[in-house]
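Next up, my_file27.tsv (TSV, C-alpha atoms):
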chain	number	residue	atom	x	y	z
A	201	MET	CA	-47.51	14.18	143.03
A	202	ASN	CA	-50.77	14.37	144.99
A	203	SER	CA	-50.82	18.12	145.51
A	204	SER	CA	-53.74	18.10	147.96
A	205	LEU	CA	-52.32	15.47	150.36
A	206	VAL	CA	-49.68	15.60	153.09
A	207	VAL	CA	-48.27	12.56	154.89
A	208	ILE	CA	-47.96	12.97	158.67
A	209	LEU	CA	-45.94	10.35	160.54
A	210	THR	CA	-45.50	9.81	164.27
A	211	ALA	CA	-43.39	7.45	166.37
A	212	LEU	CA	-45.65	6.96	169.41
A	213	ASN	CA	-49.34	6.14	169.62
A	214	LEU	CA	-49.81	9.17	171.89
A	215	GLU	CA	-48.52	11.35	169.04
A	216	TYR	CA	-50.65	9.53	166.47
A	217	GLU	CA	-53.82	10.12	168.51
A	218	ALA	CA	-53.04	13.83	168.90
A	219	VAL	CA	-52.93	14.27	165.11
A	220	ARG	CA	-55.85	11.93	164.52
A	221	GLU	CA	-58.11	14.11	166.69
A	222	LYS	CA	-57.64	16.92	164.14
A	223	LEU	CA	-58.91	14.85	161.19
A	224	THR	CA	-62.39	14.16	159.87
A	225	ASP	CA	-63.80	11.65	157.37
A	226	LEU	CA	-61.22	9.04	158.35
A	227	ARG	CA	-60.84	5.82	156.38
A	228	VAL	CA	-58.30	3.02	156.64
A	229	HIS	CA	-55.78	2.60	153.83
A	230	ARG	CA	-54.04	-0.79	153.84
A	231	HIS	CA	-50.60	-1.19	152.31
A	232	PRO	CA	-49.87	-4.59	150.70
A	233	ALA	CA	-46.99	-5.13	153.15
A	234	GLY	CA	-49.36	-4.83	156.11
A	235	THR	CA	-48.90	-1.20	157.12
A	236	ARG	CA	-52.15	0.58	157.95
A	237	PHE	CA	-52.53	4.27	157.30
A	238	GLU	CA	-55.59	6.42	157.97
A	239	VAL	CA	-56.57	9.05	155.42
A	240	GLY	CA	-58.67	12.01	156.53
A	241	ARG	CA	-59.29	15.68	155.98
A	242	LEU	CA	-58.40	18.79	157.95
A	243	GLY	CA	-61.66	20.64	158.48
A	244	ARG	CA	-63.27	22.04	155.33
A	245	SER	CA	-59.95	22.79	153.68
A	246	GLY	CA	-58.70	21.02	150.60
A	247	CYS	CA	-55.93	19.39	152.62
A	248	ARG	CA	-56.02	15.63	153.01
A	249	VAL	CA	-53.73	13.80	155.41
A	250	ALA	CA	-52.38	10.25	155.30
A	251	LEU	CA	-51.46	9.44	158.90
A	252	GLY	CA	-49.03	6.67	159.82
A	253	LEU	CA	-47.31	5.21	162.90
A	254	VAL	CA	-43.63	4.30	162.39
A	255	GLY	CA	-42.49	3.27	165.88
A	256	LYS	CA	-39.25	4.25	167.62
A	257	GLY	CA	-35.93	4.67	165.86
A	258	ASN	CA	-34.53	6.12	162.65
A	259	HIS	CA	-34.46	2.80	160.76
A	260	PRO	CA	-38.18	1.92	160.92
A	261	ALA	CA	-38.99	5.61	160.41
A	262	ALA	CA	-37.00	5.61	157.16
A	263	VAL	CA	-38.62	2.40	155.86
A	264	LEU	CA	-42.18	3.46	156.59
A	265	ALA	CA	-41.60	7.02	155.39
A	266	GLU	CA	-40.39	5.58	152.07
A	267	ARG	CA	-43.47	3.32	151.99
A	268	ALA	CA	-45.83	6.25	152.63
A	269	ILE	CA	-44.16	8.42	149.98
A	270	ALA	CA	-44.41	5.66	147.36
A	271	GLU	CA	-48.04	4.91	148.28
A	272	PHE	CA	-49.42	8.47	148.39
A	273	THR	CA	-46.94	10.62	146.39
A	274	PRO	CA	-47.63	13.50	148.81
A	275	ALA	CA	-46.85	17.19	148.47
A	276	ALA	CA	-44.81	16.99	151.70
A	277	VAL	CA	-44.07	14.80	154.72
A	278	LEU	CA	-44.42	16.09	158.28
A	279	PHE	CA	-42.95	14.23	161.23
A	280	VAL	CA	-44.71	15.12	164.46
A	281	GLY	CA	-44.03	14.19	168.07
A	282	VAL	CA	-42.14	14.99	171.25
A	283	ALA	CA	-38.46	15.66	171.91
A	284	GLY	CA	-36.08	16.59	174.71
A	285	GLY	CA	-35.06	20.23	174.91
A	286	LEU	CA	-31.33	21.03	175.04
A	287	TRP	CA	-31.34	24.79	175.65
A	288	PRO	CA	-32.55	26.46	178.87
A	289	ASN	CA	-34.61	29.09	177.01
A	290	ILE	CA	-36.83	26.38	175.50
A	291	ARG	CA	-39.68	25.68	177.90
A	292	LEU	CA	-41.59	22.48	178.40
A	293	GLY	CA	-44.52	22.51	175.96
A	294	ASP	CA	-42.80	24.76	173.43
A	295	VAL	CA	-42.73	23.75	169.77
A	296	VAL	CA	-39.51	23.24	167.78
A	297	VAL	CA	-39.44	23.23	163.98
A	298	ALA	CA	-36.23	21.66	162.70
A	299	THR	CA	-34.18	23.89	160.43
A	300	LYS	CA	-31.68	21.04	160.15
A	301	ILE	CA	-31.64	17.36	161.12
A	302	TYR	CA	-28.40	15.88	162.46
A	303	ALA	CA	-27.82	12.12	162.31
A	304	TYR	CA	-25.38	12.45	165.19
A	305	HIS	CA	-24.28	8.84	165.63
A	306	GLY	CA	-22.10	8.87	162.51
A	307	GLY	CA	-18.36	8.81	163.22
A	308	THR	CA	-15.04	7.00	162.98
A	309	SER	CA	-13.08	5.50	165.86
A	310	GLU	CA	-9.36	6.32	165.82
A	311	ASP	CA	-6.47	5.90	168.28
A	312	ASP	CA	-6.99	9.36	169.70
A	313	GLY	CA	-10.75	9.04	170.06
A	314	LEU	CA	-14.04	9.11	168.21
A	315	LYS	CA	-14.27	11.61	165.36
A	316	ALA	CA	-17.66	12.91	164.24
A	317	ARG	CA	-18.76	12.37	160.65
A	318	PRO	CA	-21.91	14.48	160.62
A	319	LYS	CA	-24.76	13.96	158.19
A	320	ALA	CA	-27.47	16.59	157.98
A	321	TRP	CA	-30.56	17.60	156.02
A	322	GLU	CA	-31.95	21.13	155.93
A	323	ILE	CA	-35.57	22.19	155.74
A	324	PRO	CA	-36.46	23.43	152.21
A	325	HIS	CA	-36.68	27.20	151.84
A	326	GLY	CA	-40.37	27.36	150.86
A	327	PRO	CA	-41.75	25.29	153.77
A	328	SER	CA	-39.38	27.14	156.12
A	329	GLN	CA	-40.82	30.50	155.05
A	330	ILE	CA	-44.37	29.22	155.48
A	331	ALA	CA	-43.60	27.81	158.94
A	332	HIS	CA	-42.02	31.10	160.08
A	333	HIS	CA	-45.04	33.03	158.82
A	334	LEU	CA	-47.41	30.66	160.62
A	335	ALA	CA	-45.42	30.99	163.85
A	336	ARG	CA	-45.85	34.77	163.77
A	337	ARG	CA	-49.61	34.34	163.78
A	338	ALA	CA	-51.58	33.34	166.86
A	339	ASP	CA	-54.38	31.45	165.13
A	340	TRP	CA	-52.53	28.10	164.96
A	341	ALA	CA	-52.73	27.86	168.77
A	342	VAL	CA	-56.49	28.53	168.98
A	343	GLY	CA	-58.15	25.71	170.90
A	344	LEU	CA	-55.16	24.80	173.05
A	345	SER	CA	-55.54	24.76	176.83
A	346	ALA	CA	-55.67	28.08	178.62
A	347	GLY	CA	-52.44	29.73	179.72
A	348	THR	CA	-49.42	31.19	177.99
A	349	PRO	CA	-49.35	30.02	174.36
A	350	PRO	CA	-46.34	27.83	173.56
A	351	ALA	CA	-43.46	29.52	171.80
A	352	VAL	CA	-42.28	28.24	168.41
A	353	HIS	CA	-38.50	27.86	168.02
A	354	PHE	CA	-36.53	27.18	164.85
A	355	GLY	CA	-33.24	25.33	165.10
A	356	PRO	CA	-31.36	22.08	164.44
A	357	ILE	CA	-32.59	18.81	165.94
A	358	ALA	CA	-30.26	15.90	166.75
A	359	ALA	CA	-31.63	12.44	165.91
A	360	GLY	CA	-29.87	9.37	167.31
A	361	GLU	CA	-30.61	5.80	168.28
A	362	ILE	CA	-30.94	6.04	172.06
A	363	VAL	CA	-33.03	8.03	174.54
A	364	GLN	CA	-30.92	10.78	176.08
A	365	ASP	CA	-31.87	11.54	179.67
A	366	SER	CA	-28.71	13.05	181.08
A	367	ALA	CA	-26.87	16.34	180.80
A	368	VAL	CA	-23.51	14.92	181.93
A	369	SER	CA	-23.26	11.52	180.20
A	370	GLU	CA	-20.68	10.73	177.52
A	371	GLN	CA	-23.35	11.03	174.83
A	372	ALA	CA	-24.54	14.38	176.20
A	373	ARG	CA	-20.95	15.69	176.06
A	374	TRP	CA	-20.60	14.31	172.49
A	375	VAL	CA	-23.71	16.12	171.31
A	376	ARG	CA	-22.63	19.36	173.03
A	377	GLU	CA	-19.17	19.19	171.50
A	378	HIS	CA	-20.06	18.28	167.91
A	379	TYR	CA	-23.68	19.48	167.53
A	380	ASN	CA	-23.63	22.47	169.81
A	381	ASP	CA	-26.38	24.35	167.97
A	382	ALA	CA	-28.93	21.52	168.33
A	383	VAL	CA	-31.91	22.76	170.33
A	384	ALA	CA	-33.68	19.40	170.78
A	385	ILE	CA	-32.92	15.69	170.60
A	386	GLU	CA	-34.97	12.66	169.50
A	387	MET	CA	-34.77	9.33	167.65
A	388	GLU	CA	-36.57	9.31	164.27
A	389	ALA	CA	-36.20	12.52	162.25
A	390	ALA	CA	-33.00	11.48	160.44
A	391	GLY	CA	-34.71	8.43	158.93
A	392	VAL	CA	-37.66	10.45	157.65
A	393	ALA	CA	-35.40	13.19	156.30
A	394	GLN	CA	-33.31	10.62	154.42
A	395	ALA	CA	-36.43	9.09	152.84
A	396	GLY	CA	-37.58	12.51	151.64
A	397	HIS	CA	-34.13	13.35	150.28
A	398	LEU	CA	-34.01	10.14	148.24
A	399	ASN	CA	-37.44	10.85	146.72
A	400	HIS	CA	-36.57	13.83	144.52
A	401	ALA	CA	-35.85	15.97	147.61
A	402	LEU	CA	-39.49	15.81	148.74
A	403	PRO	CA	-40.08	18.49	151.42
A	404	VAL	CA	-39.83	17.08	154.95
A	405	VAL	CA	-40.67	19.21	158.00
A	406	VAL	CA	-40.08	17.94	161.55
A	407	VAL	CA	-42.27	19.48	164.27
A	408	ARG	CA	-41.59	18.54	167.90
A	409	GLY	CA	-43.22	19.46	171.19
A	410	ILE	CA	-40.77	19.65	174.11
A	411	SER	CA	-41.76	17.11	176.77
A	412	ASP	CA	-38.54	16.89	178.83
A	413	ARG	CA	-35.12	18.51	179.17
A	414	ALA	CA	-32.92	15.47	178.38
A	415	ASP	CA	-31.22	16.03	181.74
A	416	GLY	CA	-32.33	13.15	183.99
A	417	SER	CA	-35.74	14.60	184.82
A	418	LYS	CA	-37.71	12.69	182.18
A	419	THR	CA	-39.49	10.46	184.70
A	420	ILE	CA	-40.73	13.54	186.55
A	421	THR	CA	-41.89	15.44	183.47
A	422	ASP	CA	-43.58	12.32	182.06
A	423	GLY	CA	-45.42	11.97	185.37
A	424	GLU	CA	-46.57	15.57	185.05
A	425	ASN	CA	-48.15	14.75	181.66
A	426	TRP	CA	-45.77	16.89	179.61
A	427	GLN	CA	-45.68	14.31	176.81
A	428	ALA	CA	-49.40	14.76	176.16
A	429	ARG	CA	-49.16	18.54	176.38
A	430	GLY	CA	-46.07	18.78	174.20
A	431	VAL	CA	-47.50	16.59	171.45
A	432	ALA	CA	-50.84	18.45	171.51
A	433	HIS	CA	-48.95	21.67	170.77
A	434	ALA	CA	-46.86	20.02	168.04
A	435	ALA	CA	-49.96	18.49	166.42
A	436	ALA	CA	-51.75	21.86	166.41
A	437	PHE	CA	-48.84	23.59	164.69
A	438	ALA	CA	-48.18	20.74	162.24
A	439	THR	CA	-51.79	20.43	161.05
A	440	ALA	CA	-52.01	24.20	160.57
A	441	LEU	CA	-48.75	24.01	158.62
A	442	ALA	CA	-50.09	21.17	156.46
A	443	GLN	CA	-53.05	23.31	155.40
A	444	GLU	CA	-50.76	26.25	154.61
A	445	LEU	CA	-48.48	24.06	152.50
A	446	ILE	CA	-51.41	22.77	150.43
A	447	ALA	CA	-52.94	26.25	150.06
A	448	GLU	CA	-49.57	27.65	148.93
A	449	GLY	CA	-49.21	24.92	146.33
A	450	ALA	CA	-52.72	25.55	145.02
A	451	ALA	CA	-51.98	29.28	144.72
A	452	ASP	CA	-48.80	28.54	142.77
A	453	ARG	CA	-50.71	26.30	140.38
A	454	LEU	CA	-53.39	28.95	139.91
A	455	SER	CA	-50.78	31.54	138.96
A	456	THR	CA	-49.92	29.38	135.94
A	457	THR	CA	-53.55	29.10	134.84
A	458	ASP	CA	-55.04	32.55	135.56
A	459	ASN	CA	-54.04	33.94	132.17
A	460	GLY	CA	-57.03	32.93	130.09
A	461	GLY	CA	-57.58	29.76	132.11
A	462	SER	CA	-54.89	27.76	130.29
A	463	GLU	CA	-51.49	26.48	131.29
A	464	PRO	CA	-48.64	27.39	128.95
A	465	MET	CA	-47.84	24.56	126.56
A	466	SER	CA	-44.29	23.31	126.46
A	467	MET	CA	-44.76	21.28	123.25
A	468	THR	CA	-43.90	22.65	119.81
A	469	ASN	CA	-45.62	21.24	116.71
A	470	ARG	CA	-44.34	21.64	113.17
A	471	ASN	CA	-46.90	21.31	110.40
A	472	ILE	CA	-46.05	20.67	106.75
A	473	ALA	CA	-48.90	20.76	104.21
A	474	LYS	CA	-48.50	20.12	100.49
A	475	GLY	CA	-50.79	20.42	97.52
A	476	ASN	CA	-54.40	21.11	98.54
A	477	ALA	CA	-53.82	20.04	102.16
A	478	ARG	CA	-54.44	22.57	104.91
A	479	VAL	CA	-53.68	22.41	108.64
A	480	GLY	CA	-56.38	23.77	110.93
A	481	VAL	CA	-55.43	23.30	114.58
A	482	GLN	CA	-52.84	20.93	116.02
A	483	ALA	CA	-52.16	20.82	119.75
A	484	GLY	CA	-50.21	18.63	122.11
A	485	GLN	CA	-52.38	18.73	125.26
A	486	ILE	CA	-55.75	20.39	125.65
A	487	TYR	CA	-57.77	20.76	128.87
A	488	GLY	CA	-61.33	21.99	128.57
A	489	ASN	CA	-62.87	23.54	125.48
A	490	VAL	CA	-61.09	24.82	122.38
A	491	THR	CA	-62.57	27.85	120.64
A	492	VAL	CA	-61.39	28.99	117.23
A	493	GLY	CA	-62.49	32.21	115.55
A	494	SER	CA	-64.85	34.95	116.71
A	495	ASP	CA	-66.19	33.03	119.76
A	496	ARG	CA	-62.84	33.45	121.48
A	497	ASP	CA	-63.92	36.56	123.37
A	498	ARG	CA	-67.34	35.25	124.31
A	499	PRO	CA	-68.00	36.08	128.02
A	500	VAL	CA	-68.18	33.18	130.43
A	501	ASP	CA	-71.61	32.57	132.01
A	502	LEU	CA	-70.80	31.69	135.64
A	503	THR	CA	-74.07	29.86	136.25
A	504	ALA	CA	-73.63	27.71	133.15
A	505	GLY	CA	-69.93	27.30	133.91
A	506	ILE	CA	-70.59	25.98	137.41
A	507	ALA	CA	-73.26	23.61	136.09
A	508	GLU	CA	-70.78	22.30	133.53
A	509	LEU	CA	-68.10	22.01	136.23
A	510	ARG	CA	-70.48	19.98	138.40
A	511	ASP	CA	-70.98	17.52	135.53
A	512	ARG	CA	-67.23	17.21	135.11
A	513	VAL	CA	-66.72	16.68	138.85
A	514	ARG	CA	-69.27	13.86	138.78
A	515	LYS	CA	-67.54	12.28	135.80
A	516	ALA	CA	-64.16	12.55	137.52
A	517	HIS	CA	-65.66	10.79	140.53
A	518	ARG	CA	-67.09	8.01	138.37
A	519	ASP	CA	-63.71	7.61	136.65
A	520	GLY	CA	-61.94	7.23	139.98
A	521	GLN	CA	-60.08	10.56	139.79
A	522	LEU	CA	-61.80	11.84	142.96
A	523	ASP	CA	-62.32	9.71	146.04
A	524	GLU	CA	-65.62	9.64	147.91
A	525	GLU	CA	-64.62	12.19	150.56
A	526	THR	CA	-63.18	14.66	148.05
A	527	TYR	CA	-66.21	14.31	145.80
A	528	ALA	CA	-68.64	14.97	148.66
A	529	ALA	CA	-66.68	18.06	149.73
A	530	ALA	CA	-66.55	19.31	146.12
A	531	GLU	CA	-70.32	18.91	145.71
A	532	SER	CA	-70.82	20.89	148.92
A	533	GLU	CA	-68.69	23.79	147.63
A	534	LEU	CA	-70.53	23.72	144.29
A	535	ASP	CA	-73.83	24.01	146.16
A	536	VAL	CA	-72.49	27.06	148.03
A	537	ALA	CA	-71.31	28.63	144.76
A	538	SER	CA	-74.69	28.07	143.08
A	539	ASP	CA	-76.58	29.60	146.03
A	540	CYS	CA	-74.27	32.64	146.00
A	541	LEU	CA	-74.96	33.26	142.32
A	542	LYS	CA	-78.70	33.19	142.99
A	543	GLU	CA	-78.38	35.65	145.89
A	544	ASP	CA	-76.07	38.01	143.91
A	545	THR	CA	-75.11	40.45	146.69
A	546	VAL	CA	-71.74	41.95	147.62
A	547	ARG	CA	-71.49	39.52	150.52
A	548	SER	CA	-72.47	36.51	148.43
A	549	ARG	CA	-69.84	37.39	145.82
A	550	GLY	CA	-67.16	37.21	148.49
A	551	THR	CA	-68.51	33.86	149.66
A	552	LEU	CA	-68.52	32.68	146.04
A	553	MET	CA	-64.80	33.37	145.73
A	554	VAL	CA	-64.09	31.47	148.96
A	555	ALA	CA	-66.12	28.47	147.73
A	556	LEU	CA	-64.35	28.43	144.37
A	557	LYS	CA	-60.93	28.63	146.03
A	558	ARG	CA	-61.78	25.77	148.38
A	559	LEU	CA	-63.00	23.78	145.41
A	560	ARG	CA	-59.74	24.55	143.63
A	561	GLY	CA	-57.81	22.91	146.46
A	562	LEU	CA	-60.04	19.84	146.35
A	563	VAL	CA	-59.73	19.13	142.61
A	564	ALA	CA	-56.24	20.50	141.94
A	565	ASP	CA	-54.94	17.05	140.96
A	566	VAL	CA	-57.39	16.76	138.04
A	567	ALA	CA	-55.93	19.03	135.35
A	568	GLU	CA	-59.17	19.47	133.38
A	569	LEU	CA	-61.09	20.57	136.49
A	570	ALA	CA	-58.28	22.86	137.64
A	571	ALA	CA	-58.17	24.62	134.27
A	572	LYS	CA	-61.95	25.07	134.21
A	573	LEU	CA	-61.92	26.44	137.75
A	574	ALA	CA	-59.16	28.91	136.93
A	575	ALA	CA	-61.35	30.44	134.22
A	576	LEU	CA	-64.35	30.64	136.58
A	577	ILE	CA	-62.30	32.23	139.35
A	578	ALA	CA	-61.01	34.85	136.92
A	579	VAL	CA	-64.59	35.76	135.99
A	580	ALA	CA	-65.73	35.75	139.63
A	581	LYS	CA	-62.94	38.19	140.52
A	582	GLY	CA	-64.40	40.61	138.02
A	583	LEU	CA	-67.73	40.58	139.91
A	584	SER	CA	-66.32	41.65	143.25
Now that the file is in, can you turn its structure into structure tokens?
Amino acid sequence: MNSSLVVILTALNLEYEAVREKLTDLRVHRHPAGTRFEVGRLGRSGCRVALGLVGKGNHPAAVLAERAIAEFTPAAVLFVGVAGGLWPNIRLGDVVVATKIYAYHGGTSEDDGLKARPKAWEIPHGPSQIAHHLARRADWAVGLSAGTPPAVHFGPIAAGEIVQDSAVSEQARWVREHYNDAVAIEMEAAGVAQAGHLNHALPVVVVRGISDRADGSKTITDGENWQARGVAHAAAFATALAQELIAEGAADRLSTTDNGGSEPMSMTNRNIAKGNARVGVQAGQIYGNVTVGSDRDRPVDLTAGIAELRDRVRKAHRDGQLDEETYAAAESELDVASDCLKEDTVRSRGTLMVALKRLRGLVADVAELAAKLAALIAVAKGLS
């Protein structure tokens, strides 16, 4: 799994452009089957995004979501775009995060009518908690147009194969009768959710901006530019969520390496020595240096440690473990850390910790670098 990368998929080019505006250092990534993704970074965070356009409908969304997952092995998949609101309390421009995805066109036709055979996928608990926490904060909406900030709603989303633009049609009655708790309706989320489910239950989060009311007024709301406004709000929330997901994963990984800078080993070795033979040290996997004897408690020199880490980062780049953008960002954070050590003030120590944590997010996929950084962060904490 690429623990510093999130895949974001959209159905419409308008949605794609709204997410793309949030990314920097963009480069094209070509899939052998012809699909083009763009890979970029969200600000100065350690979060990288692979952005793809899937087109309309659950079937192409499922195929291209599967393709993106296989190509990038991401930490999560976000599906971002617009949807029709089904409840009167949900305003145009509000954001909906799907707690559940209904594939509502499943059913069986019998003599006494069509019977629903619902299929559904729920949002994983961890991403759900992070999304709720983010919604309670106001900072995700910073930079949006002036006015009342959009509300964030959590509820089921219905995903079918046709555009619903009526509140009284047969389909509208079907959705109301069998999927009465659905708060929004669209056409792609079920395909993406299925692709995530079939890939070791990879977390999938669907974020939609409400652009119409699915009641026959779509032409009017489209003319009033609600699609652009709705997707701008969804893109702002989704990209903030992507950064939180990556930061949470990095924190979880750090918690396994903070104790002495080493991850616990799951391998057990049995040594048998006969005669004059002696066994010194046998280990299954080792990251970083091994110290045996009295040097074990030797204090870590942060300046020397960062210099050594810089050499390892450069080697990882040469070996292809870090791409050009990640390497450049890592070098920048190392420069900040080195300057902070030279300044050696209370303020610079705080900045040092921020730089090391950002660096941790950038190199988290390279086990040797992550282990080395964990040790340095532990020492830096002792300075503050």
Shell of 9 Å around Val280 of chain A, only C-alpha atoms, local chain residues under 4 positions omitted, as a PyMOL selection string: chain A and resi 208-211+215-216+219+405-409+431+434-435+438
State, in Å with one decimal place, the distance from atom CA of Gly505 of chain A to atom CA of Gln521 of chain A. 20.3 Å
Nearest-residue call for Leu569 of chain A, choices A:Glu221, A:Asp365, A:Glu377, A:Asp511, using all atoms listed in the file: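 The shortest atom-to-atom distance to Leu569 of chain A comes from A:Asp511.
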Straight-line distance linking atom CA of Arg291 of chain A with atom CA of Ala414 of chain A, stated in Å to one decimal: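 A separation of 12.3 Å between them.
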Take atom CA of Gly257 of chain A and atom CA of Gly284 of chain A and report the distance between them in Å, one decimal. 14.8 Å
At a cut-off of 12 Å, can you tabulate as a tab-separated table every residue of segment 371-403 of chain A near segment 340-357 of chain A together with its closest atom pair and the distance in Å to one decimal, using only C-alpha atoms and ordering rows by chain then number?
residue	atom	partner	partner_atom	distance
A:Val375	CA	A:Ile357	CA	10.7
A:Tyr379	CA	A:Pro356	CA	8.7
A:Asn380	CA	A:Pro356	CA	9.4
A:Asp381	CA	A:Pro356	CA	6.5
A:Ala382	CA	A:Pro356	CA	4.6
A:Val383	CA	A:Ile357	CA	5.9
A:Ala384	CA	A:Ile357	CA	5.0
A:Ile385	CA	A:Ile357	CA	5.6
A:Glu386	CA	A:Ile357	CA	7.5
A:Met387	CA	A:Ile357	CA	9.9
A:Glu388	CA	A:Ile357	CA	10.4
A:Ala389	CA	A:Ile357	CA	8.1
A:Ala390	CA	A:Ile357	CA	9.2
A:Ala393	CA	A:Ile357	CA	11.5
Excluding Ala428 of chain A and any residue of its chain fewer than 4 positions from it, enumerate the residues within 9 Å of it, using all atoms listed in the file, and give them as a short mmCIF file (atom, residue, chain, number, x, y, z; two decimals) with C-alpha atoms, keeping the file's coordinate frame.
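As a result, around-v5.cif now contains:
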data_model
loop_
_atom_site.label_atom_id
_atom_site.label_comp_id
_atom_site.auth_asym_id
_atom_site.auth_seq_id
_atom_site.Cartn_x
_atom_site.Cartn_y
_atom_site.Cartn_z
CA LEU A 214 -49.81 9.17 171.89
CA GLU A 215 -48.52 11.35 169.04
CA ALA A 218 -53.04 13.83 168.90
CA VAL A 282 -42.14 14.99 171.25
CA SER A 411 -41.76 17.11 176.77
CA ASP A 422 -43.58 12.32 182.06
CA ALA A 432 -50.84 18.45 171.51
CA HIS A 433 -48.95 21.67 170.77
#
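For segment 203-205 of chain A, the set of protein, DNA and RNA residues having any atom at most 6 Å away, when counting only C-alpha atoms and skipping those fewer than 2 positions along the same chain, is A:Met201, A:Cys247, A:Arg248, A:Val249, A:Pro274, A:Ala275, A:Ile446.
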